[in-house]
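A.B. asks: Below you'll find the structure I mean.
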Amino acid sequence: PHVTRREDYRAPDWTVPEIALDFDLDPVATRVRATLLVERSGAHDRPLVLNGDGLAAESVKVDGAEAEGWRMDGPDLVIPLAGDAHEIETVVTIAPERNTQLQGLYASSGMLCTQCEAEGFRRITFFPDRPDVLSKYKVRMAADKARFPVLLANGDPIAQGDAGDGRHWAEWHDPFPKPSYLFALVAGDLVANRGVFTTMRGRKVDLGIWVRAGDLPKTDHALHALKLSMAWDETVYGREYDLDVFNIVAVDDFNFGAMENKGLNVFNSRYILADPDTATDYDYDAIAAVVAHEYFHNWSGNRVTCRDWFQLSLKEGFTVFRDQSFSGDQGSKAVKRIEDVRGLRASQFPEDAGPLAHSVRPDEYIEISNFYTATIYNKGAEVIRMMSTILGREKFRAATDLYFDRFDGTAATCEDFVRCMEEAGGVDLTQFRRWYSQAGTPRVSANLAQEGGRARLRLAQTVPPTPGQPAKEPMVLPLRLKLFGGITGRPMCDEQLVLLKDAAHEMLFENLSEPPVLSINRGFSAPVIVETNRTAKDLAFLSAHDDDPFARYEAMQQLMLDTLVAAVTSGKGEHAAVIEAVRNTLLDSALDKAFVAEAVLLPSDSFIGDQMGMVDPDAIFAAREALRADLGTALESEWRAAYDGAQANRFEYSPAAKGARRLKTVALGYIAASGADDAAALAFGQFEAADNMTDRQGALTTLVNGNSDKREAALAAFYQRYQGNALVLDKWFQTQALSSRDDAAQAVEALAAHKDFTLANPNRARALIGAFSVNQRAFHDPSGRGYRFVADQLIALDRLNPQTAAKLVPPLGRWKRFDPARAARMRAELERIIATPGLSKDMFEQASKSLD
Ligand code: HT7
Ligand code: ZN
């Protein structure tokens, strides 16, 4: 397959200042007429090349006459042109109903919608489908009025009318030049939850959240989140919305979370629809975050877009950073930071440590959609966060103002962004740029040694080799640190921001009146792995006394990890220190319940595995279960008190009520782990009495992981209640796929044959296969049945939807971390995937790189 390289970037030969699209919409056969105004860029005699994917040109005209000499070059249309400016018209017919890839124009639950990022526009019409070709779009569409009463596209509605024969039409114009990946249209039988937002300069914007009629009551939360986001971007970044309308449409079949098309965001319905009965607190938070993310793209992505796809993190890393800050501002910043770091460690750190590791600005790809990764998004966000830490709040704002002003209406690069940071921040980021080019998670060792009344801190950093990058240079690591007195618990210095730039660095602390304890990487100021010489006593002390909530959480996690890793290695656990630290946290009434719930959760099986040279899934599971059981038993009365104290009365979506629910379910899990006789009854009681999905799913999870006779009853009742609700049925599949029981692999195989299981819907495929493949013990069943099952499913899914299939390959690529027998079985499945006739390039890239 063809490899695209960053160093081969060349500005476009032809630009397209304007395009008019005319759609005759029909699920079986949609005719698309495209009229492009093209202009030669620079002095050259190269022909116009219009990308296509699976298109056949029915007509090609140049300046109104049948074109001569055009040809197909593979999927692309090549037209020789004599002059410097021409009008090109092409006509193609496409079949939305047969589009199972969900890229381009496709049908979903009776509606027609588009997804063009990254290269889907070329499945709709011939066009230079690259992000640095910006055009003004005029769209006309006609469709059957009864089936598709609502016709939406980017920009502002211009006109609409009756077309006769039961059809109608609408015209939309978008005044802002945009790349083709931001094009969108939707046709369907939809209703809108409407709102109005008045911008900071007093302009009124009509908002609409479009869904099927029955889903309308579930759209208030998304609409509210949209208004909050619009206001937040004005206050925090000075960015105002620019069109008269902003529409969001929810669709059931979607490869990703959502899409930021100009003025017409298209969302996976799981990130729009919410009511207390069907959505968890996690869902509510995710909806607000994704609504914010897509809205923020209007500036970081749409007004300033990417020059090429290697710059993807320019818009994605920055926008994730923006949505994370927004979410932190809506509730507890500390808890949000903990959740984000937990996510980074669960998805990005393993990616950086495996065969698919790549830099934030990659150098090459086979299929760009494989690069919508945790590295581009989440590590990219950490890179922006570090620059904001180095610059400080005011200079960072000056730098983003400069960036938006300078590059408004253009396609920019990561380098452009960093230069704005340097200019407005008055800093030199030459070495910092390595964050864009070097893959791998840096490791920092921090050793504090007391020498009488002084203490010496020795810092050192290394960056591990990654595929194609055997040797690394030192990075710039902004480390927020502080010392506490180990006896009094008092701070011994102000917090310092240390920029570690060299491979090794020493710091001296003088006049210390008591033994110091080191608090480092506070707030997770750098996305690194820190190893320290802190003892269990130091960590327990910090978990109770550190004044940075993240560092406090981190100390507890480290204590738990050290305990678990020691237990896995030695076969027996010494749990007293963890039990005492958890008890102190549970009894600290000054702490917010959401924080307590996070702090007392044990690291996941996978995260424990990530600390070990060779992962032993069964030993890890056993060690973790033993610690859970001991925590449950030793602190049973504290868990019961926490459980009772966290009983929220009636459902309310507020930080305090969410925290209470979270702690309640964590406590329930520990009560069950204690083996208490009444645990299943307690869980079933919560399941039945719940007035919200958080409590209901929390109780279901506890029951599903256990062996009581209430298990099947709860699963059956849940299924019965939510049979017609696809998003909730996803939870039913997912909870079982994540089960910690011995029979999880068997159960998942059976669920794949369930009448409600389908690979055609990405959410359903991810709920079963995606969830199962992160269930460490079940997926890595020594028999290899987990690997075989996932490979079978991925091969089948690839025929329908290569993008979604390819995203599920990485767990099979972690074979190097497992024993030779498991590794051989995992490799064998990867080889079987690669040998499959007709494999997509998406899957080929992921599976073949995973074998290296
Ligand atoms: N920018 C959007 C990316 C996206 C996407 C990428 C590949 C295939 C399908 C897709 N749907 C949306 C989402 C975002 O980051 O906001
Ligand atoms: Zn995005």
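Residues are referred to by chain and number: the chain letter is A, B, ... according to the order shown in the structure tokens, the number counts from 1 in that chain, and ligands are numbered separately from 1 in the order shown.
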Taking only C-alpha atoms and all ligand atoms into account, which residues have an atom no farther than 7 Å from ligand 2? I'd like them as number ranges by chain.
C.D. replies: A: 293-294, 297, 315-316, 319-320
A.B. asks: Grab the residues selected above and save them as a PDB file, in the first residue's frame with N, CA and C atoms.
C.D. replies:
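Okay, result-v7.pdb is ready:
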```
ATOM      1  N   HIS A 293     -16.304  20.119  22.845  1.00  0.00           N
ATOM      2  CA  HIS A 293     -15.177  19.841  21.943  1.00  0.00           C
ATOM      3  C   HIS A 293     -15.526  20.237  20.505  1.00  0.00           C
ATOM      4  N   GLU A 294     -16.675  19.747  20.038  1.00  0.00           N
ATOM      5  CA  GLU A 294     -17.041  20.032  18.639  1.00  0.00           C
ATOM      6  C   GLU A 294     -17.299  21.524  18.455  1.00  0.00           C
ATOM      7  N   HIS A 297     -14.124  23.477  18.154  1.00  0.00           N
ATOM      8  CA  HIS A 297     -13.467  23.326  16.848  1.00  0.00           C
ATOM      9  C   HIS A 297     -13.841  24.460  15.893  1.00  0.00           C
ATOM     10  N   LYS A 315      -5.262  20.744  15.600  1.00  0.00           N
ATOM     11  CA  LYS A 315      -6.651  21.029  15.969  1.00  0.00           C
ATOM     12  C   LYS A 315      -7.136  20.094  17.072  1.00  0.00           C
ATOM     13  N   GLU A 316      -6.710  18.829  17.060  1.00  0.00           N
ATOM     14  CA  GLU A 316      -7.278  17.886  18.031  1.00  0.00           C
ATOM     15  C   GLU A 316      -6.657  18.027  19.423  1.00  0.00           C
ATOM     16  N   THR A 319      -7.885  21.281  20.856  1.00  0.00           N
ATOM     17  CA  THR A 319      -9.317  21.265  21.188  1.00  0.00           C
ATOM     18  C   THR A 319      -9.593  20.351  22.381  1.00  0.00           C
ATOM     19  N   VAL A 320      -8.866  19.251  22.508  1.00  0.00           N
ATOM     20  CA  VAL A 320      -9.033  18.423  23.712  1.00  0.00           C
ATOM     21  C   VAL A 320      -8.599  19.221  24.941  1.00  0.00           C
TER      22      VAL A 320
END
```
A.B. asks: If we count only C-alpha atoms, what is near range 489-492 of chain A at a cut-off of 12 Å, once residues fewer than 3 positions away on the same chain are taken out, given as a ChimeraX atom specification?
C.D. replies: /A:453-455,481-486,495-496,509-519,538,540-548
A.B. asks: Using C-alpha atoms, can you export the residues from the last selection as a short mmCIF file (atom, residue, chain, number, x, y, z; two decimals), in the first residue's frame?
C.D. replies:
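Contents of selection21.cif, freshly written:
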```
data_model
loop_
_atom_site.label_atom_id
_atom_site.label_comp_id
_atom_site.auth_asym_id
_atom_site.auth_seq_id
_atom_site.Cartn_x
_atom_site.Cartn_y
_atom_site.Cartn_z
CA GLY A 453 19.81 19.98 57.28
CA ARG A 454 20.02 19.77 53.51
CA ALA A 455 18.43 17.60 50.91
CA LEU A 481 7.34 20.15 42.87
CA LYS A 482 7.26 20.86 46.58
CA LEU A 483 8.66 19.45 49.82
CA PHE A 484 6.66 18.65 52.95
CA GLY A 485 7.94 18.08 56.47
CA GLY A 486 7.63 14.39 57.20
CA GLU A 495 5.85 25.09 44.93
CA GLN A 496 8.50 25.36 42.21
CA PHE A 509 17.29 22.36 49.48
CA GLU A 510 18.86 24.07 52.52
CA ASN A 511 17.89 24.71 56.15
CA LEU A 512 15.55 21.81 56.57
CA SER A 513 14.32 21.33 60.11
CA GLU A 514 12.76 17.89 59.58
CA PRO A 515 13.00 15.02 57.08
CA PRO A 516 11.46 16.16 53.78
CA VAL A 517 8.97 14.25 51.67
CA LEU A 518 8.90 14.96 47.94
CA SER A 519 5.74 15.89 46.07
CA ASP A 538 6.12 8.70 52.46
CA ALA A 540 0.83 7.16 52.79
CA PHE A 541 1.82 10.48 54.33
CA LEU A 542 1.33 12.36 51.03
CA SER A 543 -1.98 10.60 50.41
CA ALA A 544 -3.21 12.22 53.61
CA HIS A 545 -1.39 15.57 53.65
CA ASP A 546 -0.37 16.80 50.19
CA ASP A 547 -2.10 20.09 49.40
CA ASP A 548 -2.30 19.30 45.67
#
```
A.B. asks: Residues within 6 Å of ligand 1, counting only C-alpha atoms and all ligand atoms: report them as a ChimeraX atom specification.
C.D. replies: /A:117-118,255-256,258-260,294,316,369
A.B. asks: For Ala660 in chain A, find every residue with an atom within 10 Å (counting only C-alpha atoms), except residues of its own chain fewer than 6 positions away, and show them as number ranges by chain.
C.D. replies: A: 592-594, 596-597, 642-648, 654
A.B. asks: Any idea what the distance is between CA of Glu382 in chain A and CA of Val666 in chain A?
C.D. replies: 28.6 Å
A.B. asks: Using only C-alpha atoms, can you tell me which of A:Asp76, A:Glu688, A:Glu829, A:Asp22 comes closest to Gly54 in chain A?
C.D. replies: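 Nearest to Gly54 in chain A: A:Asp76.
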A.B. asks: Tell me, which residues of range 107-254 of chain A carry DSSP strand (DSSP E or B), written as a VMD selection string?
C.D. replies: chain A and resid 107 to 108 111 to 115 127 135 to 144 150 to 153 156 to 164 167 to 178 185 to 188 191 to 198 204 to 211 245 to 251
A.B. asks: Find the spatial neighbours of range 90-106 of chain A, counting only C-alpha atoms, within a cut-off of 9 Å - ignore same-chain residues fewer than 4 positions away - and output them as a CSV table (one decimal) with C-alpha atoms, in the first residue's frame.
C.D. replies:
```csv
chain,number,residue,atom,x,y,z
A,26,ASP,CA,-32.3,9.0,-2.6
A,27,PRO,CA,-31.0,6.2,-0.4
A,28,VAL,CA,-30.6,3.8,-3.3
A,29,ALA,CA,-29.1,6.2,-5.9
A,30,THR,CA,-28.2,9.8,-5.2
A,31,ARG,CA,-27.1,12.0,-8.1
A,32,VAL,CA,-24.4,14.5,-7.3
A,33,ARG,CA,-23.6,17.4,-9.6
A,34,ALA,CA,-20.6,19.4,-8.5
A,35,THR,CA,-19.5,22.7,-10.1
A,36,LEU,CA,-16.1,23.8,-9.2
A,54,GLY,CA,-15.3,4.4,-5.8
A,55,LEU,CA,-16.8,7.1,-8.1
A,56,ALA,CA,-17.5,6.8,-11.8
A,57,ALA,CA,-17.8,10.1,-13.7
A,58,GLU,CA,-21.0,10.2,-15.7
A,59,SER,CA,-20.2,13.6,-17.2
A,60,VAL,CA,-17.2,15.9,-17.1
A,61,LYS,CA,-17.5,19.4,-18.4
A,111,MET,CA,-32.0,9.3,7.5
A,112,LEU,CA,-29.2,10.3,5.1
A,113,CYS,CA,-26.1,12.0,6.6
A,114,THR,CA,-22.4,12.6,5.7
A,115,GLN,CA,-19.1,12.0,7.4
A,116,CYS,CA,-16.2,13.5,5.4
A,117,GLU,CA,-13.2,13.7,7.8
A,118,ALA,CA,-10.6,12.7,6.9
A,119,GLU,CA,-11.1,11.6,3.3
A,120,GLY,CA,-14.8,10.9,2.9
A,121,PHE,CA,-15.7,13.8,0.6
A,122,ARG,CA,-14.0,11.9,-2.3
A,123,ARG,CA,-16.7,9.2,-1.8
A,124,ILE,CA,-19.4,11.9,-2.6
A,125,THR,CA,-17.9,13.8,-5.5
A,126,PHE,CA,-14.6,14.4,-7.3
A,184,ALA,CA,-22.0,18.1,5.7
A,185,LEU,CA,-25.6,17.5,4.8
A,253,ASP,CA,-24.4,4.7,13.2
A,254,PHE,CA,-21.2,6.7,13.6
A,255,ASN,CA,-17.6,5.7,13.5
A,760,ALA,CA,-23.1,-3.0,11.5
A,799,ARG,CA,-15.7,-6.3,5.3
A,800,LEU,CA,-18.3,-3.8,6.5
A,801,ASN,CA,-16.5,-1.0,8.2
A,802,PRO,CA,-12.7,-1.0,8.0
A,803,GLN,CA,-12.2,2.2,10.1
A,804,THR,CA,-14.0,0.8,13.1
```
A.B. asks: Identify, on the basis of only C-alpha atoms, every residue whose closest approach to range 738-747 of chain A does not exceed 9 Å; exclude the query and any residue fewer than 3 positions from it along the same chain; express the result as a list in words.
C.D. replies: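 Within the cut-off, the hits are Phe621, Thr701, Val704, Asn705, Gly706, Asn707, Phe733, Gln734, Thr735, Ala750, Leu751, Ala752, Leu768, Ala771, Phe772, Ser773, Val774, Asn775, Arg777, Ala778, Phe779, Asp781, Arg785, Gly786 and Phe789 of chain A.
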A.B. asks: Expressed in Å to a single decimal, how great is the separation between CA of Glu351 in chain A and CA of Pro617 in chain A?
C.D. replies: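 We find that CA of Glu351 in chain A and CA of Pro617 in chain A lie 18.7 Å from each other.
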A.B. asks: Find the residues around Thr532 in chain A up to 6 Å (only C-alpha atoms counted), leave out those fewer than 6 positions away in its own chain, and share them as a ChimeraX atom specification.
C.D. replies: /A:445-447
A.B. asks: Take the residues from that selection and write them out as a short mmCIF file (atom, residue, chain, number, x, y, z; two decimals), in the first residue's frame, keeping N, CA and C atoms.
C.D. replies:
```cif
data_model
loop_
_atom_site.label_atom_id
_atom_site.label_comp_id
_atom_site.auth_asym_id
_atom_site.auth_seq_id
_atom_site.Cartn_x
_atom_site.Cartn_y
_atom_site.Cartn_z
N SER A 445 13.45 9.83 36.86
CA SER A 445 13.72 9.31 38.19
C SER A 445 14.01 10.50 39.09
N ALA A 446 13.43 10.47 40.27
CA ALA A 446 13.58 11.57 41.23
C ALA A 446 13.97 10.97 42.57
N ASN A 447 15.21 11.19 42.96
CA ASN A 447 15.69 10.64 44.22
C ASN A 447 16.07 11.77 45.17
#
```
A.B. asks: Could you tell me which of A:Arg322, A:His780, A:Arg814, A:Arg825 comes closest to Asp233 in chain A if we count only C-alpha atoms?
C.D. replies: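 Looking at the shortest contact to Asp233 in chain A, the residue is A:Arg322.
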A.B. asks: Would you please work out which residue, of A:Ala765, A:Ala67, A:Ala411, A:Ala222, is nearest to Tyr284 in chain A when using only C-alpha atoms?
C.D. replies: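 Selected residue with least distance to Tyr284 in chain A: A:Ala222.
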